[in-house]
Protein chains: 2
Amino acid sequence: MQEKQLLMIPGPTNVPNKVLHTLGAPAVGHRTPEFSQVIKEVTERLQAIYQTKHDLFILTSSGTGAMEAAVANFVNPGDKVIVMENGNFGERWVKLNMRYGADLEVISGVWGEQASPQALRERIEKDVQQEIKAVFVTHNETSTGVTNDIKALREALGDHPALFIVDAISGMAVSPLPVDEWQLDVVVSGSQKAFMIPPGLAFISVSPKAWAVSEQVTTPRFYFDLQAARKSYVKFTTPYTPSTSLILALRESLKMIEEEGLENIYRRHDFYKTLVRTAAKALGLELLTSEAAASSGVTAIKKPDNLDPQQITKIMREKHRVIIAGGQNKLKGQIFRIGHLGYIDVNDIIVTIAALERTLKELSWEFQLGQGVAAVQELLLKGEK
Amino acid sequence: MQEKQLLMIPGPTNVPNKVLHTLGAPAVGHRTPEFSQVIKEVTERLQAIYQTKHDLFILTSSGTGAMEAAVANFVNPGDKVIVMENGNFGERWVKLNMRYGADLEVISGVWGEQASPQALRERIEKDVQQEIKAVFVTHNETSTGVTNDIKALREALGDHPALFIVDAISGMAVSPLPVDEWQLDVVVSGSQKAFMIPPGLAFISVSPKAWAVSEQVTTPRFYFDLQAARKSYVKFTTPYTPSTSLILALRESLKMIEEEGLENIYRRHDFYKTLVRTAAKALGLELLTSEAAASSGVTAIKKPDNLDPQQITKIMREKHRVIIAGGQNKLKGQIFRIGHLGYIDVNDIIVTIAALERTLKELSWEFQLGQGVAAVQELLLKGEK
């Protein structure tokens with residue numbers, strides 16, 4: 001049979017049929033009043049999810065493009081910047097800042113633990129000259145299954161004038177991130193995560209404080225120049241051709257997000273986290289992260305004994321048609337990761353745990369068949385009235 | 001979240017995304033050489049599934065329309081006909097023949113057991129005048145989860161000249177039914193079962209023997225007149241406007257069927273039957289049918305104790321988004337049915353059994369949570385290398 005595939009990676013995520021249908025619609029002109037109306041509507045819906053009244057732009061790129069925009073528009077060569085690094089995507093902030101010639105200082109954390117607000121606070125307190133221009137942080141560290149405490153990190157910055165710049169690519173619309181309330185200056189996210197559409201769009205918000213900095217930044221930029229985006233957005237157009245079909249698809253998925261409601265979405269993802277962690281423990285597996293640090297969107301599980309995580313992901317994919325992820329970078333070969341964000345439901349989690357059970361049995365891991373699913377079922381019975 | 005729904009009823013069945021996509025294609029003209037080419041291709045693919053070299057037509061109707069065609073084209077008022085009735089769809093043959101004024105004789109069987117080839121043989125042997133003009137049978141009796149032994153029933157007719165007419169609506173492409181080899185004169189099926197497209201098309205094959213009879217039949221018929229269809233088919237058109245988009249979707253699903261291969265499809269459905277029956281037994285539930293009589297496409301399960309099957313189907317649908325069926329007609333309130341035909345995989349079966357477990361727990365049926373899924377998993381582990 002033509003195979004069904006279930007995406008349980010931390011993005012790209014499953015796309016609802018309703019949205020796929022939109023992607024099949026005929027091409028539209030991108031410089032029409034009708035399409036400007038779409039950009040306006042989509043931007044307002046994104047602002048509601050970001051919980052910001054400030055500017056927000058749609059970029060036609062994947063998330064890394066928006067991360068580049070967050071560096072190129074706000075960092076001058078030689079500027080002192082701090083990157084809070086505790087995973088592969090923290091490292092991406094490092095690489096981007098190096099490429100753009102920042103005077104980089106990395107506060108490294110343990111992969112699998114949260115970035116330390118205390119470490120940031122101490123560094124900020126030492127910066128009596130206020131030389132630090134920006135602090136880069138990661139909301140949800142996809143590579144380790146850790147959600148950093150953005151609120152505490154921001155509080156550690158206090159009223160220091162440095163910009164606070166957040167990669168929320170895999171965390172936005174999964175866990176709370178009220179951009180204005182927490183005073184986050186620049187926040188980037190991407191279409192292929194909780195926004196439930198294919199990769200190809202990224203979003204970036206810019207606070208008034210960030211705009212003021214950007215006017216002094218001479219770093220060369222063109223496609224990702226946010227001043228250009230700002231000018232075009234006065235008429236709700238984009239400076240360069242946008243991915244029209246993805247934006248139309250996004251309009252549909254944003255309506256679905258609005259219908260469900262942000263609080264419900266946060267709660268649902270948090271519940272998935274609990275289901276997957278409980279199942280893993282029931283199968284005798286060890287989790288990479290503590291409960292307090294754990295992401296609602298992706299769970300990292302340590303490899304059982306001397307099993308190869310690549311074997312696990314391969315059997316899951318080839319035999320059970322469930323796509324999960326291995327480890328990245330220094331965690332490669334150490335963990336595997338189950339994504340549980342976006343358009344998935346508890347039935348998808350059951351399928352995933354059942355497939356994991358058969359995979360582990362095949363690899364001779366010892367446990368009682370059915371224990372993982374039963375643990376999920378017990379939680380579901382408690383959760384369902 | 002916008003809800004996903006899993007159809008586990010014995011039709012309409014889940015439609016693959018690839019096919020859904022086709023349904024969104026622009027309208028096409030139905031009297032073009034291009035569309036005639038489509039009709040030709042689809043008809044040939046259907047003949048391969050029917051395993052017939054004889055005529056086969058696509059009707060724009062649901063399955064009952066093709067059943068009506070099978071009566072109106074081959075039965076004169078006053079003709080003696082036999083209906084082998086052991087379920088709700090056997091009764092449909094009864095009603096149709098009554099409506100068309102046949103001299104009807106019903107050989108009733110037990111609902112949940114197979115129709116009796118012996119009973120038919122005895123009746124045929126008594127028909128020394130060869131007054132019987134047609135025998136109507138049901139391949140897969142959707143209402144009870146029984147697959148009748150069509151080969152044995154046909155053998156019971158022997159070389160008696162009566163037409164042998166089969167409702168294979170929910171059985172075609174689920175269990176073997178080689179139309180020419182078994183000498184089946186008229187066989188009807190429908191698009192919304194194992195053909196994996198939405199309802200709206202029906203298929204009917206006609207043997208040379210059936211054509212000879214049809215020429216003598218004066219029963220009024222127009223939309224379902226197969227002589228008209230035969231004339232149009234010379235140029236691969238239909239006498240009346242066909243459902244073009246469904247036929248284009250059918251072309252896609254037939255390609256999928258060809259890719260998978262008929263033998264694999266039969267084996268897959270047979271395995272689903274085993275999985276569902278094993279799970280039901282593991283949960284302490286009683287099956288309506290014996291192993292030998294059991295359908296590969298739908299399993300009927302007796303209501304547990306004094307639970308109401310309607311409660312079961314309601315909770316499954318509303319809380320777990322898995323749509324299963326209740327009983328029909330005289331089995332209403334006595335059973336519930338799980339369909340497992342068409343575009344489903346073992347993950348769908350796991351979801352269904354898991355949802356059934358939570359439903360039964362909620363209704364206080366006593367069993368150990370996880371037993372049904374574990375039983376399925378054990379069989380899967382044996383089946384998967």
# chains A, B, ... in the order shown; residues from 1 in each chain; ligands from 1
>>> interface_residues(of="chain A", to="chain B", cutoff="6 Å", atoms="only C-alpha atoms", output="list in words")
Met1, Glu260, Asn347, Val351, Gly370 and Ala374 of chain A
>>> residues_around(residues="Thr237 in chain A", least_positions_apart="6", cutoff="10 Å", atoms="only C-alpha atoms", output="PyMOL selection string")
chain A and resi 30-33+35-40+58+229-231
>>> select_by_dssp(residues="range 138-289 of chain A", states="strand (DSSP E)", output="ChimeraX atom specification")
/A:138,140-141,146-147,163-167,186-190,202-206
>>> closest_residue(among="A:Val217, A:Leu59, A:Ala293, A:Pro242", to="Ile150 in chain A", atoms="only C-alpha atoms")
A:Ala293
>>> residues_around(residues="Ile301 in chain B", least_positions_apart="6", cutoff="10 Å", atoms="only C-alpha atoms", output="list of chain:residue names")
B:Thr144, B:Gly145, B:Val276, B:Arg277, B:Ala280, B:Lys281, B:Leu285, B:Glu286, B:Leu287, B:Leu288, B:Thr289, B:Pro309, B:Gly326, B:Gly327, B:Gln334, B:Ile335, B:Phe336, B:Arg337, B:Ile338
>>> residues_around(residues="range 156-159 of chain A", least_positions_apart="3", cutoff="9 Å", atoms="only C-alpha atoms", output="short mmCIF file (atom, residue, chain, number, x, y, z; two decimals) with C-alpha atoms, in the first residue's frame")
data_model
loop_
_atom_site.label_atom_id
_atom_site.label_comp_id
_atom_site.auth_asym_id
_atom_site.auth_seq_id
_atom_site.Cartn_x
_atom_site.Cartn_y
_atom_site.Cartn_z
CA PRO A 117 19.78 33.25 34.00
CA GLN A 118 22.20 33.56 36.91
CA ALA A 119 25.23 33.36 34.60
CA LEU A 120 23.73 36.04 32.38
CA ARG A 121 22.91 38.24 35.35
CA GLU A 122 26.47 38.01 36.64
CA ILE A 124 25.53 41.84 32.83
CA GLU A 125 26.34 43.15 36.28
CA VAL A 135 21.99 39.06 24.00
CA LYS A 151 11.29 35.27 31.20
CA ALA A 152 14.09 34.73 33.73
CA LEU A 153 16.78 35.34 31.12
CA ALA A 162 21.37 45.58 25.07
CA PHE A 164 17.29 40.82 23.71
#
>>> atom_distance(atom1="CA of Ser290 in chain A", atom2="CA of Glu113 in chain A")
7.6 Å
>>> calpha_fit_rmsd(fixed="chain B", moving="chain A")
0.0 Å
>>> select_by_dssp(residues="range 87-333 of chain A", states="alpha helix (DSSP H)", output="NGL selection string")
:A and (88-99 or 117-126 or 150-157 or 208-214 or 226-233 or 244-260 or 262-282 or 309-320)
>>> write_last_selection(atoms="C-alpha atoms", output="CSV table (one decimal), in the first residue's frame")
chain,number,residue,atom,x,y,z
A,88,ASN,CA,22.8,23.1,18.4
A,89,PHE,CA,20.7,26.1,17.7
A,90,GLY,CA,22.5,28.2,20.3
A,91,GLU,CA,25.5,27.4,18.3
A,92,ARG,CA,23.8,28.7,15.2
A,93,TRP,CA,23.6,32.1,16.9
A,94,VAL,CA,27.3,31.7,17.6
A,95,LYS,CA,28.1,31.0,13.9
A,96,LEU,CA,26.0,33.8,12.6
A,97,ASN,CA,27.6,36.4,14.9
A,98,MET,CA,31.0,35.1,14.0
A,99,ARG,CA,30.2,35.4,10.3
A,117,PRO,CA,19.8,33.2,34.0
A,118,GLN,CA,22.2,33.6,36.9
A,119,ALA,CA,25.2,33.4,34.6
A,120,LEU,CA,23.7,36.0,32.4
A,121,ARG,CA,22.9,38.2,35.3
A,122,GLU,CA,26.5,38.0,36.6
A,123,ARG,CA,27.9,38.9,33.2
A,124,ILE,CA,25.5,41.8,32.8
A,125,GLU,CA,26.3,43.1,36.3
A,126,LYS,CA,30.0,43.2,35.3
A,150,ILE,CA,13.1,33.2,28.6
A,151,LYS,CA,11.3,35.3,31.2
A,152,ALA,CA,14.1,34.7,33.7
A,153,LEU,CA,16.8,35.3,31.1
A,154,ARG,CA,15.1,38.6,30.1
A,155,GLU,CA,14.9,39.6,33.8
A,156,ALA,CA,18.6,38.9,34.1
A,157,LEU,CA,19.2,41.6,31.5
A,208,PRO,CA,10.9,50.2,18.8
A,209,LYS,CA,14.1,49.8,20.8
A,210,ALA,CA,15.4,47.4,18.1
A,211,TRP,CA,14.4,49.8,15.3
A,212,ALA,CA,16.4,52.6,17.0
A,213,VAL,CA,19.5,50.3,17.1
A,214,SER,CA,19.0,49.1,13.5
A,226,LEU,CA,14.1,44.9,7.6
A,227,GLN,CA,14.1,48.6,6.8
A,228,ALA,CA,13.1,47.6,3.3
A,229,ALA,CA,10.4,45.3,4.7
A,230,ARG,CA,9.2,48.1,6.9
A,231,LYS,CA,8.8,50.4,3.9
A,232,SER,CA,6.9,47.9,1.9
A,233,TYR,CA,4.7,46.9,4.8
A,244,THR,CA,2.2,33.4,-2.2
A,245,SER,CA,1.0,29.8,-1.8
A,246,LEU,CA,2.6,29.3,1.5
A,247,ILE,CA,1.1,32.6,2.8
A,248,LEU,CA,-2.3,31.5,1.7
A,249,ALA,CA,-1.8,28.2,3.4
A,250,LEU,CA,-0.6,30.1,6.5
A,251,ARG,CA,-3.8,32.0,6.5
A,252,GLU,CA,-5.7,28.7,6.9
A,253,SER,CA,-3.5,27.4,9.6
A,254,LEU,CA,-3.6,30.6,11.5
A,255,LYS,CA,-7.4,30.4,11.5
A,256,MET,CA,-7.1,26.9,13.0
A,257,ILE,CA,-4.8,28.3,15.7
A,258,GLU,CA,-7.2,31.0,16.5
A,259,GLU,CA,-10.1,28.6,16.7
A,260,GLU,CA,-8.3,26.4,19.1
A,262,LEU,CA,-3.4,29.9,22.4
A,263,GLU,CA,-4.0,28.7,25.9
A,264,ASN,CA,-5.5,25.4,24.7
A,265,ILE,CA,-2.6,25.0,22.3
A,266,TYR,CA,0.0,25.5,25.1
A,267,ARG,CA,-1.9,23.0,27.3
A,268,ARG,CA,-2.2,20.4,24.6
A,269,HIS,CA,1.5,20.5,23.9
A,270,ASP,CA,2.3,20.3,27.5
A,271,PHE,CA,0.1,17.2,27.8
A,272,TYR,CA,1.9,15.6,24.9
A,273,LYS,CA,5.2,16.2,26.7
A,274,THR,CA,3.8,14.4,29.7
A,275,LEU,CA,2.5,11.5,27.6
A,276,VAL,CA,5.8,10.9,25.8
A,277,ARG,CA,7.9,11.2,28.9
A,278,THR,CA,5.7,8.9,30.9
A,279,ALA,CA,5.7,6.3,28.1
A,280,ALA,CA,9.5,6.5,27.8
A,281,LYS,CA,9.9,5.9,31.5
A,282,ALA,CA,7.4,3.0,31.4
A,309,PRO,CA,19.8,5.6,18.0
A,310,GLN,CA,20.2,5.5,14.2
A,311,GLN,CA,18.9,1.9,14.2
A,312,ILE,CA,15.9,3.0,16.2
A,313,THR,CA,15.0,5.9,13.9
A,314,LYS,CA,15.6,3.6,10.8
A,315,ILE,CA,13.3,0.8,12.0
A,316,MET,CA,10.7,3.4,13.1
A,317,ARG,CA,10.8,4.9,9.6
A,318,GLU,CA,11.1,1.9,7.4
A,319,LYS,CA,8.9,-0.6,9.2
A,320,HIS,CA,6.4,1.5,11.1
>>> atom_distance(atom1="CA of Ile323 in chain A", atom2="CA of Leu363 in chain A")
17.5 Å
>>> closest_residue(among="A:Thr64, A:Ser295, A:Gln47, A:Asn76", to="Thr147 in chain A", atoms="only C-alpha atoms")
A:Ser295
>>> atom_distance(atom1="CA of Thr299 in chain B", atom2="CA of Gly339 in chain B")
6.4 Å
>>> residues_around(residues="range 171-180 of chain A", least_positions_apart="2", cutoff="8 Å", atoms="only C-alpha atoms", output="ChimeraX atom specification")
/A:49-54,139-140,147,150,168-169,182-185,187,189,194-195,262,265-266,269-270,296-297,341-342
>>> residues_around(residues="Glu366 in chain A", least_positions_apart="6", cutoff="10 Å", atoms="only C-alpha atoms", output="number ranges by chain")
A: 283-284, 304, 360
>>> write_last_selection(atoms="N, CA and C atoms", output="PDB file, in the first residue's frame")
ATOM      1  N   LEU A 283       8.897   2.348  29.578  1.00  0.00           N
ATOM      2  CA  LEU A 283       9.668   1.394  28.783  1.00  0.00           C
ATOM      3  C   LEU A 283      11.093   1.249  29.321  1.00  0.00           C
ATOM      4  N   GLY A 284      11.350   1.883  30.448  1.00  0.00           N
ATOM      5  CA  GLY A 284      12.673   1.771  31.059  1.00  0.00           C
ATOM      6  C   GLY A 284      13.718   2.655  30.403  1.00  0.00           C
ATOM      7  N   PRO A 304      19.086   3.552  24.661  1.00  0.00           N
ATOM      8  CA  PRO A 304      19.039   2.489  25.655  1.00  0.00           C
ATOM      9  C   PRO A 304      20.331   1.671  25.555  1.00  0.00           C
ATOM     10  N   LEU A 360      11.966  -1.403  19.762  1.00  0.00           N
ATOM     11  CA  LEU A 360      12.868  -1.782  20.855  1.00  0.00           C
ATOM     12  C   LEU A 360      12.872  -3.289  21.072  1.00  0.00           C
TER      13      LEU A 360
END
>>> decode(residues="range 30-45 of chain A", atoms="N, CA and C atoms", output="PDB file, in the first residue's frame")
ATOM      1  N   HIS A  30       1.052  38.710  -6.611  1.00  0.00           N
ATOM      2  CA  HIS A  30       1.483  39.129  -5.265  1.00  0.00           C
ATOM      3  C   HIS A  30       1.447  40.641  -5.097  1.00  0.00           C
ATOM      4  N   ARG A  31       1.134  41.348  -6.168  1.00  0.00           N
ATOM      5  CA  ARG A  31       1.057  42.813  -6.064  1.00  0.00           C
ATOM      6  C   ARG A  31      -0.369  43.295  -6.307  1.00  0.00           C
ATOM      7  N   THR A  32      -1.325  42.573  -5.769  1.00  0.00           N
ATOM      8  CA  THR A  32      -2.728  42.940  -5.951  1.00  0.00           C
ATOM      9  C   THR A  32      -3.288  43.420  -4.618  1.00  0.00           C
ATOM     10  N   PRO A  33      -4.337  44.232  -4.648  1.00  0.00           N
ATOM     11  CA  PRO A  33      -4.966  44.637  -3.378  1.00  0.00           C
ATOM     12  C   PRO A  33      -5.445  43.414  -2.596  1.00  0.00           C
ATOM     13  N   GLU A  34      -5.917  42.385  -3.314  1.00  0.00           N
ATOM     14  CA  GLU A  34      -6.412  41.184  -2.638  1.00  0.00           C
ATOM     15  C   GLU A  34      -5.284  40.518  -1.837  1.00  0.00           C
ATOM     16  N   PHE A  35      -4.118  40.457  -2.464  1.00  0.00           N
ATOM     17  CA  PHE A  35      -3.045  39.768  -1.746  1.00  0.00           C
ATOM     18  C   PHE A  35      -2.514  40.624  -0.599  1.00  0.00           C
ATOM     19  N   SER A  36      -2.528  41.934  -0.780  1.00  0.00           N
ATOM     20  CA  SER A  36      -2.136  42.810   0.337  1.00  0.00           C
ATOM     21  C   SER A  36      -3.066  42.602   1.519  1.00  0.00           C
ATOM     22  N   GLN A  37      -4.320  42.393   1.207  1.00  0.00           N
ATOM     23  CA  GLN A  37      -5.292  42.125   2.270  1.00  0.00           C
ATOM     24  C   GLN A  37      -4.927  40.835   3.015  1.00  0.00           C
ATOM     25  N   VAL A  38      -4.463  39.851   2.254  1.00  0.00           N
ATOM     26  CA  VAL A  38      -4.043  38.583   2.872  1.00  0.00           C
ATOM     27  C   VAL A  38      -2.837  38.821   3.777  1.00  0.00           C
ATOM     28  N   ILE A  39      -1.845  39.570   3.284  1.00  0.00           N
ATOM     29  CA  ILE A  39      -0.654  39.848   4.103  1.00  0.00           C
ATOM     30  C   ILE A  39      -1.045  40.575   5.387  1.00  0.00           C
ATOM     31  N   LYS A  40      -1.964  41.527   5.252  1.00  0.00           N
ATOM     32  CA  LYS A  40      -2.427  42.271   6.431  1.00  0.00           C
ATOM     33  C   LYS A  40      -3.073  41.315   7.442  1.00  0.00           C
ATOM     34  N   GLU A  41      -3.960  40.483   6.941  1.00  0.00           N
ATOM     35  CA  GLU A  41      -4.674  39.559   7.835  1.00  0.00           C
ATOM     36  C   GLU A  41      -3.701  38.594   8.514  1.00  0.00           C
ATOM     37  N   VAL A  42      -2.806  38.036   7.719  1.00  0.00           N
ATOM     38  CA  VAL A  42      -1.862  37.055   8.252  1.00  0.00           C
ATOM     39  C   VAL A  42      -0.942  37.712   9.290  1.00  0.00           C
ATOM     40  N   THR A  43      -0.487  38.909   8.988  1.00  0.00           N
ATOM     41  CA  THR A  43       0.408  39.610   9.917  1.00  0.00           C
ATOM     42  C   THR A  43      -0.297  39.882  11.241  1.00  0.00           C
ATOM     43  N   GLU A  44      -1.545  40.307  11.172  1.00  0.00           N
ATOM     44  CA  GLU A  44      -2.284  40.576  12.416  1.00  0.00           C
ATOM     45  C   GLU A  44      -2.472  39.310  13.241  1.00  0.00           C
ATOM     46  N   ARG A  45      -2.746  38.209  12.529  1.00  0.00           N
ATOM     47  CA  ARG A  45      -2.912  36.944  13.260  1.00  0.00           C
ATOM     48  C   ARG A  45      -1.590  36.495  13.891  1.00  0.00           C
TER      49      ARG A  45
END
